[in-house]
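Next comes data_27.cif, a file with mmCIF, C-alpha atoms and all ligand atoms.
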```
data_run
#
loop_
_atom_site.label_atom_id
_atom_site.label_comp_id
_atom_site.auth_asym_id
_atom_site.auth_seq_id
_atom_site.Cartn_x
_atom_site.Cartn_y
_atom_site.Cartn_z
CA MET I 1 155.69 126.59 111.75
CA THR I 2 154.28 123.15 111.02
CA VAL I 3 155.48 120.15 113.00
CA ASP I 4 154.97 116.62 111.73
CA GLU I 5 155.44 114.80 114.96
CA MET I 6 153.77 115.44 118.28
CA LYS I 7 154.03 114.31 121.86
CA ILE I 8 152.94 110.84 121.04
CA HIS I 9 154.99 110.40 117.90
CA GLY I 10 158.27 110.62 119.61
CA ARG I 11 158.52 114.18 120.82
CA HIS I 12 157.11 115.49 124.03
CA TYR I 13 155.32 118.83 123.92
CA ARG I 14 153.94 121.10 126.54
CA THR I 15 151.21 123.40 125.26
CA ILE I 16 153.26 126.56 125.88
CA TRP I 17 156.99 127.22 126.06
CA VAL I 18 159.49 130.05 125.75
CA ALA I 19 160.75 130.21 122.17
CA ALA I 20 164.37 129.96 121.04
CA ASP I 21 164.81 133.77 121.25
CA GLY I 22 164.42 133.43 125.02
CA TRP I 23 161.46 135.79 125.44
CA SER I 24 158.56 135.19 123.03
CA VAL I 25 156.38 132.14 123.55
CA GLU I 26 155.25 129.33 121.34
CA VAL I 27 151.92 127.57 121.64
CA ILE I 28 150.10 124.80 119.83
CA ASP I 29 147.47 126.40 117.59
CA GLN I 30 144.37 124.54 118.77
CA THR I 31 142.16 126.06 116.08
CA LYS I 32 144.07 123.91 113.57
CA LEU I 33 143.57 120.61 115.42
CA PRO I 34 142.72 117.83 114.74
CA PHE I 35 143.67 118.20 111.08
CA ALA I 36 147.06 119.91 111.47
CA PHE I 37 149.55 120.20 114.28
CA GLU I 38 150.96 123.72 114.05
CA THR I 39 152.68 125.91 116.55
CA LYS I 40 152.32 129.67 116.72
CA LEU I 41 154.72 132.30 117.99
CA LEU I 42 153.28 134.94 120.32
CA ALA I 43 155.59 137.95 120.52
CA SER I 44 153.64 140.54 122.52
CA ALA I 45 151.01 140.91 125.21
CA ASP I 46 148.53 141.85 122.47
CA GLU I 47 149.27 138.64 120.61
CA ALA I 48 148.87 136.62 123.81
CA ALA I 49 145.50 138.31 124.43
CA GLU I 50 144.41 137.67 120.87
CA ALA I 51 145.44 133.99 121.13
CA ILE I 52 143.23 133.61 124.22
CA LYS I 53 140.27 135.40 122.62
CA ALA I 54 140.50 133.47 119.36
CA MET I 55 140.92 130.21 121.29
CA ILE I 56 144.26 129.40 119.68
CA VAL I 57 144.88 128.49 123.30
CA ARG I 58 141.96 127.51 125.50
CA GLY I 59 141.25 125.51 128.63
CA ALA I 60 141.33 127.22 132.01
CA PRO I 61 144.91 126.41 133.11
CA LEU I 62 146.40 127.13 129.69
CA ILE I 63 144.80 130.54 129.34
CA GLY I 64 146.23 131.33 132.78
CA ALA I 65 149.72 130.35 131.61
CA THR I 66 149.32 132.34 128.39
CA GLY I 67 148.14 135.38 130.32
CA ALA I 68 151.20 135.09 132.59
CA TYR I 69 153.58 135.12 129.63
CA GLY I 70 151.56 137.96 128.09
CA LEU I 71 152.39 140.02 131.16
CA CYS I 72 156.09 139.09 130.80
CA MET I 73 156.10 140.34 127.22
CA ALA I 74 154.37 143.57 128.17
CA LEU I 75 157.01 144.24 130.85
CA ARG I 76 159.79 143.66 128.34
CA VAL I 77 158.53 146.66 126.38
CA ASP I 78 157.72 148.85 129.37
CA ALA I 79 158.33 147.87 132.99
CA SER I 80 156.48 150.82 134.52
CA ASP I 81 153.60 150.44 136.98
CA GLU I 82 151.21 151.96 134.45
CA ALA I 83 152.21 149.50 131.72
CA LEU I 84 151.88 146.61 134.17
CA GLU I 85 148.35 147.66 135.16
CA ARG I 86 147.38 148.23 131.51
CA ALA I 87 148.58 144.78 130.46
CA TYR I 88 146.83 143.15 133.43
CA ASP I 89 143.53 144.86 132.57
CA MET I 90 143.76 143.93 128.92
CA LEU I 91 144.64 140.27 129.58
CA VAL I 92 142.18 139.64 132.39
CA LYS I 93 139.26 140.70 130.18
CA THR I 94 140.00 138.29 127.36
CA ARG I 95 137.80 135.48 128.71
CA PRO I 96 135.63 136.05 131.76
CA THR I 97 134.59 132.65 133.10
CA ALA I 98 137.78 130.71 133.84
CA ILE I 99 139.18 132.05 137.10
CA ASN I 100 142.61 130.55 136.41
CA LEU I 101 143.35 133.52 134.15
CA LYS I 102 142.77 136.08 136.90
CA TRP I 103 144.52 133.82 139.40
CA ALA I 104 147.65 133.53 137.23
CA LEU I 105 147.71 137.27 136.53
CA ASP I 106 147.31 138.04 140.25
CA GLU I 107 150.19 135.67 141.03
CA MET I 108 152.30 137.48 138.45
CA MET I 109 151.43 140.90 139.87
CA ALA I 110 152.34 139.74 143.37
CA SER I 111 155.77 138.57 142.16
CA VAL I 112 156.57 141.63 140.07
CA ARG I 113 154.94 144.69 141.60
CA ASN I 114 157.40 145.15 144.45
CA GLN I 115 160.48 144.56 142.36
CA PRO I 116 162.59 147.46 141.12
CA LYS I 117 161.87 148.15 137.45
CA ASP I 118 165.16 146.67 136.21
CA ARG I 119 164.36 143.31 137.87
CA ARG I 120 160.74 143.02 136.83
CA VAL I 121 161.22 141.26 133.51
CA ALA I 122 163.43 138.52 134.97
CA ALA I 123 161.11 138.10 137.94
CA ALA I 124 158.10 137.83 135.65
CA TYR I 125 159.61 135.18 133.38
CA ALA I 126 160.77 133.19 136.41
CA ARG I 127 157.28 133.29 137.94
CA ALA I 128 155.56 132.37 134.67
CA ALA I 129 157.88 129.37 134.27
CA GLN I 130 157.15 128.36 137.85
CA LEU I 131 153.38 128.61 137.28
CA CYS I 132 153.75 126.31 134.28
CA ASP I 133 155.86 123.78 136.18
CA ASP I 134 153.41 123.88 139.08
CA ASP I 135 150.51 123.25 136.70
CA VAL I 136 152.22 120.11 135.43
CA ALA I 137 152.94 118.83 138.95
CA THR I 138 149.42 119.67 140.13
CA ASN I 139 147.79 117.84 137.25
CA GLU I 140 150.00 114.83 137.81
CA ALA I 141 148.81 114.80 141.43
CA ILE I 142 145.18 115.09 140.27
CA GLY I 143 145.84 112.15 137.99
CA ARG I 144 147.12 110.05 140.86
CA GLN I 145 144.08 110.94 142.97
CA GLY I 146 141.59 110.20 140.21
CA LEU I 147 143.33 106.97 139.33
CA THR I 148 142.21 105.50 142.67
CA LEU I 149 138.57 105.95 141.61
CA ILE I 150 139.12 104.19 138.30
CA GLU I 151 141.07 101.42 140.03
CA ALA I 152 138.22 100.90 142.49
CA ILE I 153 135.70 100.50 139.66
CA ALA I 154 138.04 98.23 137.71
CA GLY I 155 138.57 96.09 140.81
CA LYS I 156 134.85 95.53 141.23
CA LYS I 157 133.88 95.30 137.61
CA LYS I 158 136.69 93.13 136.22
CA SER I 159 135.99 94.45 132.73
CA THR I 160 136.47 97.67 130.78
CA VAL I 161 135.82 100.85 132.76
CA ASN I 162 133.68 103.31 130.77
CA VAL I 163 134.27 106.96 131.59
CA LEU I 164 132.29 109.81 130.05
CA THR I 165 133.91 113.22 129.65
CA HIS I 166 132.73 116.55 128.26
CA CYS I 167 134.76 119.18 126.40
CA ASN I 168 138.54 118.93 126.60
CA ALA I 169 140.18 118.84 129.98
CA GLY I 170 143.28 117.03 128.79
CA TRP I 171 146.87 118.12 128.28
CA LEU I 172 145.81 120.53 125.55
CA ALA I 173 143.73 122.46 128.08
CA CYS I 174 146.60 122.67 130.57
CA VAL I 175 150.37 122.91 130.34
CA ASP I 176 150.58 119.10 130.38
CA TRP I 177 148.71 116.01 131.60
CA GLY I 178 145.25 117.58 131.85
CA THR I 179 142.84 117.47 134.76
CA ALA I 180 139.93 115.16 133.86
CA LEU I 181 142.08 113.15 131.47
CA ALA I 182 145.11 112.73 133.75
CA PRO I 183 143.51 109.84 135.73
CA ILE I 184 142.47 108.25 132.44
CA TYR I 185 146.02 108.39 131.02
CA MET I 186 147.38 106.93 134.25
CA ALA I 187 144.82 104.12 134.28
CA HIS I 188 145.56 103.31 130.64
CA ASP I 189 149.32 103.36 131.25
CA LYS I 190 148.82 100.99 134.20
CA GLY I 191 147.09 98.50 131.94
CA ILE I 192 143.56 99.03 133.30
CA PRO I 193 141.11 98.42 130.44
CA ILE I 194 139.43 101.76 129.90
CA HIS I 195 137.15 103.27 127.30
CA VAL I 196 136.12 106.93 127.13
CA TRP I 197 132.81 108.29 125.89
CA VAL I 198 133.83 111.61 124.36
CA ASP I 199 131.00 114.15 124.14
CA GLU I 200 131.53 116.00 120.87
CA THR I 201 130.89 119.27 122.78
CA ARG I 202 129.07 121.53 120.40
CA PRO I 203 129.41 124.22 119.33
CA ARG I 204 133.21 124.24 119.00
CA ASN I 205 133.63 120.47 119.23
CA GLN I 206 136.47 120.44 121.76
CA GLY I 207 135.55 116.82 122.55
CA GLY I 208 135.37 115.53 119.01
CA SER I 209 138.40 117.45 117.82
CA LEU I 210 140.73 117.81 120.83
CA THR I 211 139.88 115.14 123.40
CA ALA I 212 139.51 112.48 120.72
CA TYR I 213 142.79 113.65 119.16
CA GLU I 214 144.64 113.41 122.48
CA LEU I 215 143.19 110.05 123.47
CA GLY I 216 143.74 108.57 120.02
CA ALA I 217 147.33 109.74 119.95
CA HIS I 218 147.95 108.14 123.34
CA GLY I 219 146.24 104.90 122.32
CA VAL I 220 143.30 105.21 124.74
CA LYS I 221 140.12 103.51 123.50
CA HIS I 222 137.33 106.02 122.98
CA SER I 223 134.13 106.75 121.06
CA ILE I 224 132.91 110.20 120.09
CA ILE I 225 129.23 110.60 120.86
CA ALA I 226 126.71 113.34 120.15
CA ASP I 227 126.22 115.58 123.16
CA ASN I 228 122.71 114.21 123.53
CA ALA I 229 123.77 110.55 123.72
CA GLY I 230 125.30 110.38 127.19
CA GLY I 231 121.99 110.00 129.01
CA HIS I 232 121.07 107.06 126.80
CA TYR I 233 124.31 105.25 127.56
CA MET I 234 123.90 105.94 131.26
CA GLN I 235 120.39 104.44 131.21
CA HIS I 236 121.83 101.28 129.67
CA GLY I 237 124.61 100.86 132.25
CA ASP I 238 127.33 101.80 129.77
CA VAL I 239 128.85 104.62 131.81
CA ASP I 240 130.67 103.76 135.05
CA MET I 241 131.60 107.32 135.91
CA CYS I 242 131.83 110.83 134.51
CA ILE I 243 134.92 113.00 134.92
CA VAL I 244 134.92 116.56 133.67
CA GLY I 245 137.07 119.63 134.18
CA THR I 246 136.00 123.07 135.36
CA ASP I 247 136.67 126.71 134.60
CA ARG I 248 135.60 127.97 137.99
CA THR I 249 134.43 126.20 141.12
CA THR I 250 132.90 128.18 143.95
CA ALA I 251 133.88 127.82 147.60
CA SER I 252 130.65 125.85 148.04
CA GLY I 253 131.38 123.39 145.20
CA ASP I 254 129.25 124.73 142.33
CA VAL I 255 131.06 123.99 139.10
CA ALA I 256 131.19 126.11 135.94
CA ASN I 257 132.31 124.13 132.92
CA LYS I 258 131.67 123.92 129.19
CA ILE I 259 128.04 124.33 128.18
CA GLY I 260 126.24 121.00 128.45
CA THR I 261 128.06 119.80 131.56
CA TYR I 262 124.97 120.50 133.70
CA LEU I 263 122.77 118.25 131.56
CA LYS I 264 125.30 115.42 131.89
CA ALA I 265 125.33 115.87 135.66
CA LEU I 266 121.52 115.69 135.74
CA ALA I 267 121.52 112.51 133.68
CA ALA I 268 124.26 111.03 135.87
CA HIS I 269 122.29 111.87 139.01
CA ASP I 270 119.12 110.29 137.60
CA ASN I 271 121.01 107.12 136.74
CA GLY I 272 123.20 106.79 139.84
CA VAL I 273 126.36 107.35 137.83
CA PRO I 274 129.15 109.02 139.88
CA PHE I 275 129.91 112.49 138.54
CA TYR I 276 133.39 113.78 139.39
CA VAL I 277 135.02 117.10 138.62
CA ALA I 278 138.81 117.30 138.42
CA LEU I 279 140.38 120.63 139.28
CA PRO I 280 143.58 122.29 140.38
CA SER I 281 143.18 124.61 143.38
CA SER I 282 143.81 127.56 141.03
CA THR I 283 140.29 126.95 139.65
CA ILE I 284 138.60 127.52 143.01
CA ASP I 285 137.10 130.97 143.41
CA TRP I 286 137.07 131.32 147.19
CA THR I 287 135.34 134.71 146.94
CA ILE I 288 131.97 133.36 145.82
CA ALA I 289 129.53 130.68 146.97
CA ASP I 290 126.64 130.84 144.50
CA GLY I 291 127.77 129.68 141.07
CA MET I 292 124.44 130.30 139.36
CA LYS I 293 124.30 133.95 140.44
CA GLN I 294 127.94 134.92 140.74
CA ILE I 295 129.85 133.34 137.87
CA GLU I 296 129.96 135.40 134.69
CA ILE I 297 129.12 133.15 131.77
CA GLU I 298 130.92 134.04 128.56
CA GLU I 299 128.51 134.65 125.68
CA ARG I 300 130.24 133.85 122.39
CA SER I 301 129.31 134.57 118.82
CA GLY I 302 126.23 132.82 117.41
CA ARG I 303 128.37 132.04 114.39
CA GLU I 304 129.88 129.15 116.39
CA ILE I 305 126.37 127.61 116.34
CA THR I 306 125.41 128.45 112.78
CA HIS I 307 128.73 127.48 111.18
CA VAL I 308 131.05 124.53 111.59
CA GLN I 309 134.60 123.76 110.50
CA GLY I 310 135.44 120.46 108.85
CA ARG I 311 137.68 118.75 106.31
CA THR I 312 136.56 117.73 102.86
CA ALA I 313 137.51 114.42 101.26
CA ALA I 314 140.06 116.39 99.22
CA GLY I 315 141.75 117.47 102.46
CA GLU I 316 140.62 121.08 102.44
CA VAL I 317 139.59 122.51 105.83
CA LEU I 318 136.49 124.64 105.34
CA THR I 319 133.90 126.44 107.40
CA VAL I 320 130.33 125.78 106.25
CA GLU I 321 126.93 127.08 107.25
CA LEU I 322 124.89 124.56 109.18
CA THR I 323 121.59 126.13 110.12
CA ALA I 324 118.65 127.93 108.53
CA PRO I 325 120.11 131.07 106.97
CA GLY I 326 119.15 134.18 108.86
CA SER I 327 117.98 132.43 112.04
CA PRO I 328 119.56 134.02 115.11
CA ALA I 329 121.56 131.89 117.54
CA ARG I 330 122.60 132.25 121.18
CA ASN I 331 125.85 130.81 122.46
CA PRO I 332 126.55 130.69 126.21
CA ALA I 333 129.97 129.03 126.45
CA PHE I 334 129.60 127.58 129.96
CA ASP I 335 126.97 126.46 132.43
CA VAL I 336 126.98 125.87 136.15
CA THR I 337 126.42 122.47 137.71
CA PRO I 338 125.13 122.84 141.27
CA ALA I 339 127.25 121.17 143.92
CA ARG I 340 124.40 118.79 144.86
CA LEU I 341 124.90 116.99 141.51
CA VAL I 342 128.65 116.55 141.97
CA THR I 343 129.78 113.28 143.58
CA GLY I 344 133.23 114.60 144.39
CA LEU I 345 135.96 117.06 143.51
CA ILE I 346 139.29 115.53 142.49
CA THR I 347 141.92 118.03 143.65
CA GLU I 348 145.69 117.77 143.80
CA ARG I 349 145.39 117.26 147.57
CA GLY I 350 142.65 114.66 147.60
CA ILE I 351 139.10 113.78 146.56
CA VAL I 352 136.54 115.72 148.56
CA ALA I 353 132.84 116.43 148.77
CA ALA I 354 131.65 119.36 146.67
CA THR I 355 131.01 121.49 149.74
CA ARG I 356 132.82 124.23 151.61
CA ASP I 357 133.69 121.76 154.38
CA GLY I 358 134.95 119.26 151.82
CA LEU I 359 137.23 121.82 150.21
CA LEU I 360 138.45 123.12 153.57
CA LYS I 361 139.49 119.59 154.57
CA VAL I 362 142.24 119.70 151.96
CA PHE I 363 142.75 123.47 151.81
CA PRO I 364 142.54 124.36 155.53
CA GLU I 365 144.57 127.53 154.96
CA ARG I 366 141.44 128.97 153.33
CA ALA I 367 139.35 128.82 156.51
CA ARG I 368 138.62 132.31 157.79
O1 LIG U 1 136.02 127.14 125.98
P1 LIG U 1 137.14 126.25 126.42
O2 LIG U 1 137.55 125.26 125.40
O3 LIG U 1 138.31 127.05 126.96
O4 LIG U 1 136.51 125.45 127.64
C1 LIG U 1 137.32 124.54 128.34
C2 LIG U 1 136.58 123.79 129.38
O5 LIG U 1 135.41 123.99 129.61
C3 LIG U 1 137.39 122.83 130.21
O6 LIG U 1 136.60 121.77 130.64
C4 LIG U 1 137.94 123.56 131.43
O7 LIG U 1 138.66 124.71 131.03
C5 LIG U 1 138.80 122.72 132.26
S1 LIG U 1 140.37 122.48 131.50
C6 LIG U 1 141.35 121.56 132.49
#
```

Would you encode the structure as structure tokens?
Ligand code: MRU
Amino acid sequence: MTVDEMKIHGRHYRTIWVAADGWSVEVIDQTKLPFAFETKLLASADEAAEAIKAMIVRGAPLIGATGAYGLCMALRVDASDEALERAYDMLVKTRPTAINLKWALDEMMASVRNQPKDRRVAAAYARAAQLCDDDVATNEAIGRQGLTLIEAIAGKKKSTVNVLTHCNAGWLACVDWGTALAPIYMAHDKGIPIHVWVDETRPRNQGGSLTAYELGAHGVKHSIIADNAGGHYMQHGDVDMCIVGTDRTTASGDVANKIGTYLKALAAHDNGVPFYVALPSSTIDWTIADGMKQIEIEERSGREITHVQGRTAAGEVLTVELTAPGSPARNPAFDVTPARLVTGLITERGIVAATRDGLLKVFPERAR
């Protein structure tokens, strides 16, 4: 299905919703953006898994939500324990770095496992809907927290606040609002003059295609820059702060995010630019403390480096080869920024230091 209008042109969309039949789910096909806004129907756990792998849906919170509905659809076909375990195993393996996927699937298992078989499907759909609603509320809270940082800079600076972001951690990456972009939307809506430096985010260009698309549609001033340009703008005083999202944050505050985030954090550190990471608590992996050693980094196809998708002047969307034919390519999808380079973590419960103590201040229930 192709839809002409989107959130900003009069109709509000979440990134995932239960379809009119009451059980399959519809998502925005992010592989088609920014050139076409199309939705796609996912009608089985296999299709949900494929949508995650092919990055029709992407972004840590959204793959969690898609995994949750994948489990619902698996149970609809077979509500046995074996089928539940099988679907869990299949879905959890689709993308290894973002912990939100495992978190959402674990939440689903906890809600369903102890139910009698004839109640499992209803319980699963209810829990998946709740996870989605919670994601929206959490991101709104992150937005309100992060807004205070932008307001503080605006209050001192009395001119446009320049924020640099990497990848896409906006509403397209979540169910709604976004994490890193939620404070930016709130600042813009409050009338604070704001401009966003959007890292293009090679190889898949989530910044240039998705973040720029979101911001443009919402009327937020922005400029797409090459991934290598951020350090230059920081040296010239053109970046007031960085805000990025994360796919997994350790209990000690190390942050895994889209490849290239680490280099931005280094440049920010060297230039005294505050570097914030916005995250829902579902992104914290409390079981690990060393991000460099303990977070599995997804290795994607080298074809994402050697080929690129774009639109011709005639309007045709094509994939073309970009690099020396035959040269091999490596494609780690994420990197880890050590906690020492992170100025603060913007959570739904407050802004804290990127340390275990900082996190425990707002999540005391996690203290052992
Ligand atoms: O490979 P992607 O597009 O799924 O990577 C997404 C990111 O790295 C985001 O920054 C992260 O998931 C946070 S989304 C709120």

Subject >> Environment of ligand LIG 1 (chain U) within 6 Å, counting all atoms listed in the file, reported as an NGL selection string >> reply: :I and (58-60 or 167-169 or 173-174 or 178-179 or 245-247 or 257-258)

**OP:** Using all atoms listed in the file, pick whichever of I:Val18, I:Ala212, I:Ala83, I:Met90 has the shortest atom-to-atom distance to I:Ile52.
**Re:**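 Ranked by minimum distance to I:Ile52, first place goes to I:Met90.
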
**OP:** Tell me which protein, DNA and RNA residues are within 10 Å of I:Tyr276, counting all atoms listed in the file, leaving out same-chain ones fewer than 2 positions away, and put them as a ChimeraX atom specification.
**Re:** /I:146,149,165,180,241-245,265,273-274,278-279,341-346,351-354

Original post:
When distances are computed from all atoms listed in the file, which of I:Asp238, I:Glu348, I:Glu47, I:Asp134 shows the smallest separation from I:Ala87?
Top reply: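 Of the candidates, the smallest distance to I:Ala87 is held by I:Glu47.
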
**OP:** Just give me the gap between atom CA of I:Pro183 and atom CA of I:Leu147 in Å, one decimal is fine.
**Re:** 4.6 Å

Original post:
For I:Arg349, which residue among I:Pro364, I:Pro325, I:Gly64, I:Gly291 is the nearest when counting all atoms listed in the file?
Top reply: I:Pro364

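Minimum atom-to-atom distances from I:Leu131, I:Ile150, I:Met234, I:Ala187 to I:Gly272 were compared using all atoms listed in the file, and the lowest value belongs to I:Met234.
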
Neighbouring residues of I:Arg340 were defined as those with any atom within 9 Å, considering all atoms listed in the file; residues of the same chain fewer than 6 positions away were excluded. Please report them as a short mmCIF file (atom, residue, chain, number, x, y, z; two decimals) with C-alpha atoms, in the frame of the given file.
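The new file around-v7.cif reads:
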```
data_model
loop_
_atom_site.label_atom_id
_atom_site.label_comp_id
_atom_site.auth_asym_id
_atom_site.auth_seq_id
_atom_site.Cartn_x
_atom_site.Cartn_y
_atom_site.Cartn_z
CA GLY I 253 131.38 123.39 145.20
CA ASP I 254 129.25 124.73 142.33
CA ALA I 354 131.65 119.36 146.67
CA THR I 355 131.01 121.49 149.74
#
```

Where's the centre, and what are the edge lengths in Å to one decimal, of a box along x, y and z enclosing all listed atoms of stretch 335-344 of chain I padded 6 Å per side, as AutoDock Vina command-line options?
```
--center_x 128.8 --center_y 119.9 --center_z 138.6 --size_x 20.8 --size_y 25.2 --size_z 24.4
```

**OP:** Rounded to one decimal place, report the atom CA of I:Pro61-atom CA of I:Pro193 distance in Å.
**Re:**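 Value for the atom CA of I:Pro61-atom CA of I:Pro193 distance: 28.4 Å.
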